[in-house]
Amino acid sequence: MMKKPSRKKIILYSVIFIVAAAAVLVYRIVPAKASYMEETASVQNISTYYSYEGNIEAEDDQTVYATSTSTIKKIYVGEGDLVSKGDLLYELEGDNVRSNLTNAQASLSSATVNYQDAKTKLDRIATLYNAGAVSKSDYEQAKSNFDITKAQLTQAQANLNTAQNNVNDLKGYADIDGEVTDIHVEENDTIISGTEIMDVVNYDNLLVKIKVDEFDLDAVTEGETAVVSIEALNKEVGGHVSKISKKAEVLNGVSYFNAEVTLDPDAALKVGLSAEIKIQGQAAKNAVVVPIKVLQFDENNEPFVMIEGKDGKAVRTPVMTGINDGTMVEIKEGLKAGDKVLVAAQSSSSSALPFPGGERLK
C-alpha cells in the first residue's frame, strides 16, 4: 500500500511547479538576447529632401507651320540636323506670288510718279490761286487730284507690303538654335496654311515643371539646387530651381505654385522622360544616427530604443530624435556613437515578442 505524500512534500512540489512555470513565463515574456539583432549608432551626415515628379521638357522649341497654301519646293534640312536661329528650313513654290510682287512694285512706282505730278501741280496752282490768277474751282480740282493720288500711293504701298509678306511666307526659318527632330512633309507635297512642317528642339536647355506645395516654399526657392533622377536611364543629373510662379493654383483646397527646374546639360537626356526631383530641406552634419527600424514609442508617444542591460536583458532607453531621411534617424540625446541598439529579429522561428510602442516616427 502506497503512502500518502506528507504535507511538507506537497508544499515543496507546489513551490517547484510554480517556480518552473514562472521561469517559462519569464522566458516567453522577456526574450533572450539571441532573439535580437544589434545595430550600432554611427556618425554621418543626414538630410531630408522634398520630392517631386514630372517629365523632361525643352525650354526652347519650335513647331514650324506653313503660313500659306502652296507646294513644298525644297526642304533644306534633315531630321537630326543642328540649326541656328535664322537658318533657312524650307521653301514653297510661288511663281504667282512672286509675279504679284513684281506687279505691286510696278504699281507703287506708277503711283509714286502720279503723286509727285499731282503735288507739283497743286503747289503751282495754290500759288496762282493765292495771287488771284486762277479760280477757286481750278484750285479745288487740283487739290482733289492730289488727294486721289495720295490715297492711291498709300494703297499701292500697302499692296506691295502684302505681296512682299506673301513672298516671305514662301520660306521658313529657324526661330531658335536647336536640332530638327521631326519633318512632317516631303518635297512636292501640297499643303495649306497652318500645316505642321517640322519641329526644332534645343536640347541644351531642358527642364522639368513641378507643383510646389505652399508649405514647401521655405525650402524650395529660386536658385535652390536639385538632384534629378531619371529611372529609365538609371542616372542622376544636377539642376536648379529656375522659376516659381507668383500666383498659387488651388487643387482640392491645397495651394500649389508652378515651378521649373532647369537641368544641367547631359547628352543622354531626352524630352518626355519621367524624372524625380529632390531638393534638400533640413541637414545635420556629423549626427549620431541609427536605423529608423530600431526606434519605438511608449504609451505617451515618446521615443525609445532597446539596449542590453547589465543582466543581459533588453531594456528601454529614452532618446531625443532629430531629422530622418526615411532610412536613418538622428539621435540628439540618449545615445552616442558606437552604442549597440537591439532590434527584434524578424524571423518566423523566433519566439521574440515585438517591442511595445508604435511603428511610426514622429
# chains A, B, ... in the order shown; residues from 1 in each chain; ligands from 1

call {"tool": "residues_around", "arguments": {"residues": "Phe304 of chain A", "least_positions_apart": "4", "cutoff": "6 Å", "atoms": "only C-alpha atoms", "output": "list in words"}}
result
Gln296, Phe297, Thr317, Pro318 and Val319 of chain A

call {"tool": "write_last_selection", "arguments": {"atoms": "N, CA and C atoms", "output": "PDB file, in the first residue's frame"}}
result
ATOM      1  N   GLN A 296      11.230  52.994 -31.207  1.00  0.00           N
ATOM      2  CA  GLN A 296       9.911  52.611 -30.726  1.00  0.00           C
ATOM      3  C   GLN A 296       9.304  53.780 -29.956  1.00  0.00           C
ATOM      4  N   PHE A 297       8.015  53.678 -29.632  1.00  0.00           N
ATOM      5  CA  PHE A 297       7.322  54.738 -28.904  1.00  0.00           C
ATOM      6  C   PHE A 297       6.524  54.133 -27.753  1.00  0.00           C
ATOM      7  N   THR A 317      15.642  52.637 -23.389  1.00  0.00           N
ATOM      8  CA  THR A 317      16.431  53.849 -23.178  1.00  0.00           C
ATOM      9  C   THR A 317      15.762  54.994 -23.930  1.00  0.00           C
ATOM     10  N   PRO A 318      15.245  56.005 -23.218  1.00  0.00           N
ATOM     11  CA  PRO A 318      14.616  57.141 -23.901  1.00  0.00           C
ATOM     12  C   PRO A 318      15.629  57.886 -24.776  1.00  0.00           C
ATOM     13  N   VAL A 319      15.177  58.399 -25.895  1.00  0.00           N
ATOM     14  CA  VAL A 319      16.045  59.170 -26.797  1.00  0.00           C
ATOM     15  C   VAL A 319      15.301  60.405 -27.277  1.00  0.00           C
TER      16      VAL A 319
END

call {"tool": "closest_atom_pairs", "arguments": {"of": "segment 42-82 of chain A", "to": "segment 326-349 of chain A", "cutoff": "12 Å", "atoms": "only C-alpha atoms", "output": "JSON lines"}}
result
{"residue": "A:Ser42", "atom": "CA", "partner": "A:Ala337", "partner_atom": "CA", "distance": 4.9}
{"residue": "A:Val43", "atom": "CA", "partner": "A:Ala337", "partner_atom": "CA", "distance": 6.1}
{"residue": "A:Gln44", "atom": "CA", "partner": "A:Glu330", "partner_atom": "CA", "distance": 9.3}
{"residue": "A:Asn45", "atom": "CA", "partner": "A:Glu330", "partner_atom": "CA", "distance": 9.3}
{"residue": "A:Ile46", "atom": "CA", "partner": "A:Glu330", "partner_atom": "CA", "distance": 7.6}
{"residue": "A:Ser47", "atom": "CA", "partner": "A:Met328", "partner_atom": "CA", "distance": 9.6}
{"residue": "A:Thr48", "atom": "CA", "partner": "A:Gly326", "partner_atom": "CA", "distance": 8.2}
{"residue": "A:Tyr49", "atom": "CA", "partner": "A:Gly326", "partner_atom": "CA", "distance": 9.7}
{"residue": "A:Tyr50", "atom": "CA", "partner": "A:Gly326", "partner_atom": "CA", "distance": 11.8}

call {"tool": "write_last_selection", "arguments": {"atoms": "all heavy atoms", "output": "short mmCIF file (atom, residue, chain, number, x, y, z; two decimals), in the first residue's frame"}}
result
data_model
loop_
_atom_site.label_atom_id
_atom_site.label_comp_id
_atom_site.auth_asym_id
_atom_site.auth_seq_id
_atom_site.Cartn_x
_atom_site.Cartn_y
_atom_site.Cartn_z
N SER A 42 25.98 55.27 -35.35
CA SER A 42 27.14 55.77 -36.09
C SER A 42 27.03 57.28 -36.29
O SER A 42 26.01 57.89 -35.98
CB SER A 42 27.24 55.07 -37.45
OG SER A 42 26.07 55.32 -38.21
N VAL A 43 28.10 57.85 -36.81
CA VAL A 43 28.14 59.29 -37.08
C VAL A 43 28.17 59.50 -38.60
O VAL A 43 29.03 58.92 -39.28
CB VAL A 43 29.36 59.96 -36.44
CG1 VAL A 43 29.43 61.44 -36.85
CG2 VAL A 43 29.28 59.85 -34.92
N GLN A 44 27.24 60.26 -39.10
CA GLN A 44 27.23 60.57 -40.53
C GLN A 44 26.38 61.81 -40.77
O GLN A 44 25.67 62.28 -39.89
CB GLN A 44 26.68 59.40 -41.33
CG GLN A 44 25.20 59.11 -41.07
CD GLN A 44 24.69 57.92 -41.86
OE1 GLN A 44 25.24 56.83 -41.78
NE2 GLN A 44 23.65 58.13 -42.64
N ASN A 45 26.50 62.35 -41.98
CA ASN A 45 25.66 63.48 -42.38
C ASN A 45 24.29 62.94 -42.80
O ASN A 45 24.20 61.88 -43.42
CB ASN A 45 26.28 64.25 -43.53
CG ASN A 45 27.62 64.87 -43.16
OD1 ASN A 45 27.88 65.14 -41.99
ND2 ASN A 45 28.47 65.10 -44.15
N ILE A 46 23.25 63.67 -42.47
CA ILE A 46 21.90 63.23 -42.81
C ILE A 46 21.10 64.43 -43.31
O ILE A 46 21.28 65.55 -42.82
CB ILE A 46 21.21 62.57 -41.59
CG1 ILE A 46 19.85 62.00 -41.99
CG2 ILE A 46 21.07 63.54 -40.44
CD1 ILE A 46 19.21 61.16 -40.90
N SER A 47 20.27 64.19 -44.29
CA SER A 47 19.50 65.28 -44.91
C SER A 47 18.08 64.81 -45.18
O SER A 47 17.83 63.62 -45.37
CB SER A 47 20.14 65.74 -46.22
OG SER A 47 21.46 66.18 -46.03
N THR A 48 17.17 65.77 -45.19
CA THR A 48 15.80 65.50 -45.64
C THR A 48 15.62 66.12 -47.01
O THR A 48 16.30 67.09 -47.36
CB THR A 48 14.76 66.08 -44.67
OG1 THR A 48 14.91 67.51 -44.63
CG2 THR A 48 14.95 65.52 -43.28
N TYR A 49 14.71 65.57 -47.78
CA TYR A 49 14.51 66.05 -49.15
C TYR A 49 13.02 66.22 -49.44
O TYR A 49 12.18 65.48 -48.93
CB TYR A 49 15.10 65.07 -50.17
CG TYR A 49 16.61 65.03 -50.17
CD1 TYR A 49 17.30 64.17 -49.33
CD2 TYR A 49 17.34 65.88 -50.99
CE1 TYR A 49 18.68 64.14 -49.32
CE2 TYR A 49 18.72 65.87 -50.99
CZ TYR A 49 19.39 65.00 -50.16
OH TYR A 49 20.76 64.99 -50.14
N TYR A 50 12.73 67.21 -50.28
CA TYR A 50 11.40 67.38 -50.85
C TYR A 50 11.44 66.71 -52.22
O TYR A 50 12.36 66.95 -53.00
CB TYR A 50 11.05 68.86 -50.98
CG TYR A 50 10.95 69.58 -49.66
CD1 TYR A 50 12.07 70.18 -49.09
CD2 TYR A 50 9.75 69.65 -48.97
CE1 TYR A 50 11.99 70.83 -47.86
CE2 TYR A 50 9.65 70.31 -47.76
CZ TYR A 50 10.79 70.90 -47.20
OH TYR A 50 10.70 71.54 -46.00
#

call {"tool": "select_by_dssp", "arguments": {"residues": "segment 21-267 of chain A", "states": "strand (DSSP E or B)", "output": "PyMOL selection string"}}
result
chain A and resi 36-40+42-58+61-65+70-75+82-83+88-92+171-173+178-183+190-191+196-201+206-213+225-230+235-244+249-251+254-263

call {"tool": "closest_residue", "arguments": {"among": "A:Tyr52, A:Tyr36, A:Tyr90, A:Tyr203", "to": "Ile183 of chain A", "atoms": "only C-alpha atoms"}}
result
A:Tyr90

call {"tool": "residues_around", "arguments": {"residues": "Ala58 of chain A", "least_positions_apart": "6", "cutoff": "12 Å", "atoms": "only C-alpha atoms", "output": "MDAnalysis selection string"}}
result
chainID A and resid 176 178:179 199:209 260:263 265 269:273

call {"tool": "atom_distance", "arguments": {"atom1": "atom CA of Val305 of chain A", "atom2": "atom CA of Ala287 of chain A"}}
result
17.0 Å

call {"tool": "closest_residue", "arguments": {"among": "A:Ser84, A:Thr225, A:Thr162, A:Asn324", "to": "Ala283 of chain A", "atoms": "only C-alpha atoms"}}
result
A:Asn324

call {"tool": "closest_residue", "arguments": {"among": "A:Glu59, A:Asp311, A:Glu38, A:Glu53", "to": "Asp177 of chain A", "atoms": "only C-alpha atoms"}}
result
A:Glu59

call {"tool": "closest_residue", "arguments": {"among": "A:Val77, A:Val113, A:Val83, A:Val167", "to": "Asn96 of chain A", "atoms": "only C-alpha atoms"}}
result
A:Val167

call {"tool": "decode", "arguments": {"residues": "segment 212-255 of chain A", "atoms": "N, CA and C atoms", "output": "mmCIF file, in the first residue's frame"}}
result
data_model
loop_
_atom_site.group_PDB
_atom_site.id
_atom_site.type_symbol
_atom_site.label_atom_id
_atom_site.label_comp_id
_atom_site.auth_asym_id
_atom_site.auth_seq_id
_atom_site.Cartn_x
_atom_site.Cartn_y
_atom_site.Cartn_z
ATOM 1 N N VAL A 212 4.691 72.932 -56.430
ATOM 2 C CA VAL A 212 5.249 73.022 -55.087
ATOM 3 C C VAL A 212 4.157 73.400 -54.096
ATOM 4 N N ASP A 213 3.982 72.572 -53.076
ATOM 5 C CA ASP A 213 3.023 72.860 -52.009
ATOM 6 C C ASP A 213 3.413 74.165 -51.317
ATOM 7 N N GLU A 214 2.408 74.929 -50.915
ATOM 8 C CA GLU A 214 2.684 76.226 -50.277
ATOM 9 C C GLU A 214 3.531 76.078 -49.023
ATOM 10 N N PHE A 215 3.440 74.930 -48.345
ATOM 11 C CA PHE A 215 4.211 74.736 -47.116
ATOM 12 C C PHE A 215 5.668 74.357 -47.399
ATOM 13 N N ASP A 216 6.003 74.115 -48.658
ATOM 14 C CA ASP A 216 7.390 73.787 -49.026
ATOM 15 C C ASP A 216 8.173 75.007 -49.491
ATOM 16 N N LEU A 217 7.511 76.167 -49.580
ATOM 17 C CA LEU A 217 8.148 77.333 -50.180
ATOM 18 C C LEU A 217 9.322 77.875 -49.369
ATOM 19 N N ASP A 218 9.404 77.512 -48.081
ATOM 20 C CA ASP A 218 10.541 77.986 -47.297
ATOM 21 C C ASP A 218 11.834 77.283 -47.703
ATOM 22 N N ALA A 219 11.704 76.100 -48.305
ATOM 23 C CA ALA A 219 12.891 75.346 -48.734
ATOM 24 C C ALA A 219 13.086 75.377 -50.238
ATOM 25 N N VAL A 220 11.985 75.394 -50.984
ATOM 26 C CA VAL A 220 12.076 75.376 -52.443
ATOM 27 C C VAL A 220 12.012 76.813 -52.944
ATOM 28 N N THR A 221 13.179 77.397 -53.203
ATOM 29 C CA THR A 221 13.271 78.784 -53.639
ATOM 30 C C THR A 221 14.061 78.859 -54.937
ATOM 31 N N GLU A 222 13.904 79.952 -55.657
ATOM 32 C CA GLU A 222 14.651 80.124 -56.903
ATOM 33 C C GLU A 222 16.150 80.082 -56.625
ATOM 34 N N GLY A 223 16.864 79.328 -57.438
ATOM 35 C CA GLY A 223 18.299 79.161 -57.255
ATOM 36 C C GLY A 223 18.671 77.931 -56.460
ATOM 37 N N GLU A 224 17.697 77.312 -55.770
ATOM 38 C CA GLU A 224 17.970 76.130 -54.964
ATOM 39 C C GLU A 224 18.423 74.978 -55.860
ATOM 40 N N THR A 225 19.486 74.276 -55.442
ATOM 41 C CA THR A 225 19.988 73.154 -56.223
ATOM 42 C C THR A 225 19.070 71.944 -56.075
ATOM 43 N N ALA A 226 19.111 71.062 -57.065
ATOM 44 C CA ALA A 226 18.254 69.880 -57.070
ATOM 45 C C ALA A 226 19.025 68.695 -57.645
ATOM 46 N N VAL A 227 18.609 67.507 -57.235
ATOM 47 C CA VAL A 227 19.121 66.265 -57.814
ATOM 48 C C VAL A 227 17.984 65.651 -58.613
ATOM 49 N N VAL A 228 18.240 65.357 -59.880
ATOM 50 C CA VAL A 228 17.200 64.851 -60.777
ATOM 51 C C VAL A 228 17.517 63.403 -61.126
ATOM 52 N N SER A 229 16.619 62.498 -60.751
ATOM 53 C CA SER A 229 16.803 61.071 -61.019
ATOM 54 C C SER A 229 15.957 60.662 -62.213
ATOM 55 N N ILE A 230 16.605 60.043 -63.212
ATOM 56 C CA ILE A 230 15.896 59.542 -64.387
ATOM 57 C C ILE A 230 15.990 58.022 -64.357
ATOM 58 N N GLU A 231 14.921 57.369 -63.928
ATOM 59 C CA GLU A 231 14.937 55.918 -63.732
ATOM 60 C C GLU A 231 15.190 55.177 -65.039
ATOM 61 N N ALA A 232 14.631 55.658 -66.138
ATOM 62 C CA ALA A 232 14.792 54.968 -67.420
ATOM 63 C C ALA A 232 16.247 54.913 -67.858
ATOM 64 N N LEU A 233 17.039 55.902 -67.449
ATOM 65 C CA LEU A 233 18.455 55.953 -67.817
ATOM 66 C C LEU A 233 19.349 55.468 -66.682
ATOM 67 N N ASN A 234 18.738 55.198 -65.511
ATOM 68 C CA ASN A 234 19.485 54.773 -64.337
ATOM 69 C C ASN A 234 20.611 55.750 -64.012
ATOM 70 N N LYS A 235 20.275 57.040 -63.986
ATOM 71 C CA LYS A 235 21.297 58.036 -63.697
ATOM 72 C C LYS A 235 20.682 59.256 -63.024
ATOM 73 N N GLU A 236 21.560 60.064 -62.446
ATOM 74 C CA GLU A 236 21.157 61.315 -61.824
ATOM 75 C C GLU A 236 21.924 62.464 -62.469
ATOM 76 N N VAL A 237 21.251 63.607 -62.596
ATOM 77 C CA VAL A 237 21.904 64.823 -63.084
ATOM 78 C C VAL A 237 21.557 65.959 -62.130
ATOM 79 N N GLY A 238 22.355 66.999 -62.181
ATOM 80 C CA GLY A 238 22.096 68.156 -61.342
ATOM 81 C C GLY A 238 21.098 69.099 -61.985
ATOM 82 N N GLY A 239 20.631 70.040 -61.189
ATOM 83 C CA GLY A 239 19.704 71.049 -61.690
ATOM 84 C C GLY A 239 19.506 72.131 -60.650
ATOM 85 N N HIS A 240 18.683 73.103 -60.966
ATOM 86 C CA HIS A 240 18.370 74.165 -60.013
ATOM 87 C C HIS A 240 16.977 74.713 -60.291
ATOM 88 N N VAL A 241 16.350 75.223 -59.244
ATOM 89 C CA VAL A 241 15.026 75.823 -59.397
ATOM 90 C C VAL A 241 15.209 77.165 -60.099
ATOM 91 N N SER A 242 14.703 77.272 -61.315
ATOM 92 C CA SER A 242 14.919 78.474 -62.124
ATOM 93 C C SER A 242 13.736 79.423 -62.114
ATOM 94 N N LYS A 243 12.560 78.926 -61.705
ATOM 95 C CA LYS A 243 11.377 79.790 -61.756
ATOM 96 C C LYS A 243 10.303 79.260 -60.820
ATOM 97 N N ILE A 244 9.664 80.162 -60.078
ATOM 98 C CA ILE A 244 8.500 79.829 -59.249
ATOM 99 C C ILE A 244 7.435 80.884 -59.515
ATOM 100 N N SER A 245 6.227 80.443 -59.824
ATOM 101 C CA SER A 245 5.157 81.392 -60.123
ATOM 102 C C SER A 245 4.819 82.223 -58.893
ATOM 103 N N LYS A 246 4.310 83.416 -59.127
ATOM 104 C CA LYS A 246 3.935 84.309 -58.037
ATOM 105 C C LYS A 246 2.465 84.139 -57.639
ATOM 106 N N LYS A 247 1.737 83.320 -58.387
ATOM 107 C CA LYS A 247 0.325 83.107 -58.104
ATOM 108 C C LYS A 247 0.065 81.621 -57.897
ATOM 109 N N ALA A 248 -0.668 81.297 -56.824
ATOM 110 C CA ALA A 248 -0.948 79.902 -56.496
ATOM 111 C C ALA A 248 -2.049 79.336 -57.374
ATOM 112 N N GLU A 249 -2.008 78.039 -57.519
ATOM 113 C CA GLU A 249 -3.064 77.287 -58.197
ATOM 114 C C GLU A 249 -3.685 76.376 -57.153
ATOM 115 N N VAL A 250 -4.989 76.467 -56.921
ATOM 116 C CA VAL A 250 -5.656 75.723 -55.857
ATOM 117 C C VAL A 250 -6.249 74.435 -56.419
ATOM 118 N N LEU A 251 -5.825 73.300 -55.844
ATOM 119 C CA LEU A 251 -6.331 71.990 -56.240
ATOM 120 C C LEU A 251 -6.801 71.265 -54.988
ATOM 121 N N ASN A 252 -8.091 70.923 -54.963
ATOM 122 C CA ASN A 252 -8.676 70.216 -53.829
ATOM 123 C C ASN A 252 -8.397 70.923 -52.506
ATOM 124 N N GLY A 253 -8.457 72.240 -52.537
ATOM 125 C CA GLY A 253 -8.292 73.018 -51.325
ATOM 126 C C GLY A 253 -6.849 73.254 -50.909
ATOM 127 N N VAL A 254 -5.897 72.776 -51.695
ATOM 128 C CA VAL A 254 -4.480 72.955 -51.382
ATOM 129 C C VAL A 254 -3.859 73.888 -52.417
ATOM 130 N N SER A 255 -3.067 74.834 -51.946
ATOM 131 C CA SER A 255 -2.431 75.801 -52.848
ATOM 132 C C SER A 255 -1.085 75.274 -53.331
#
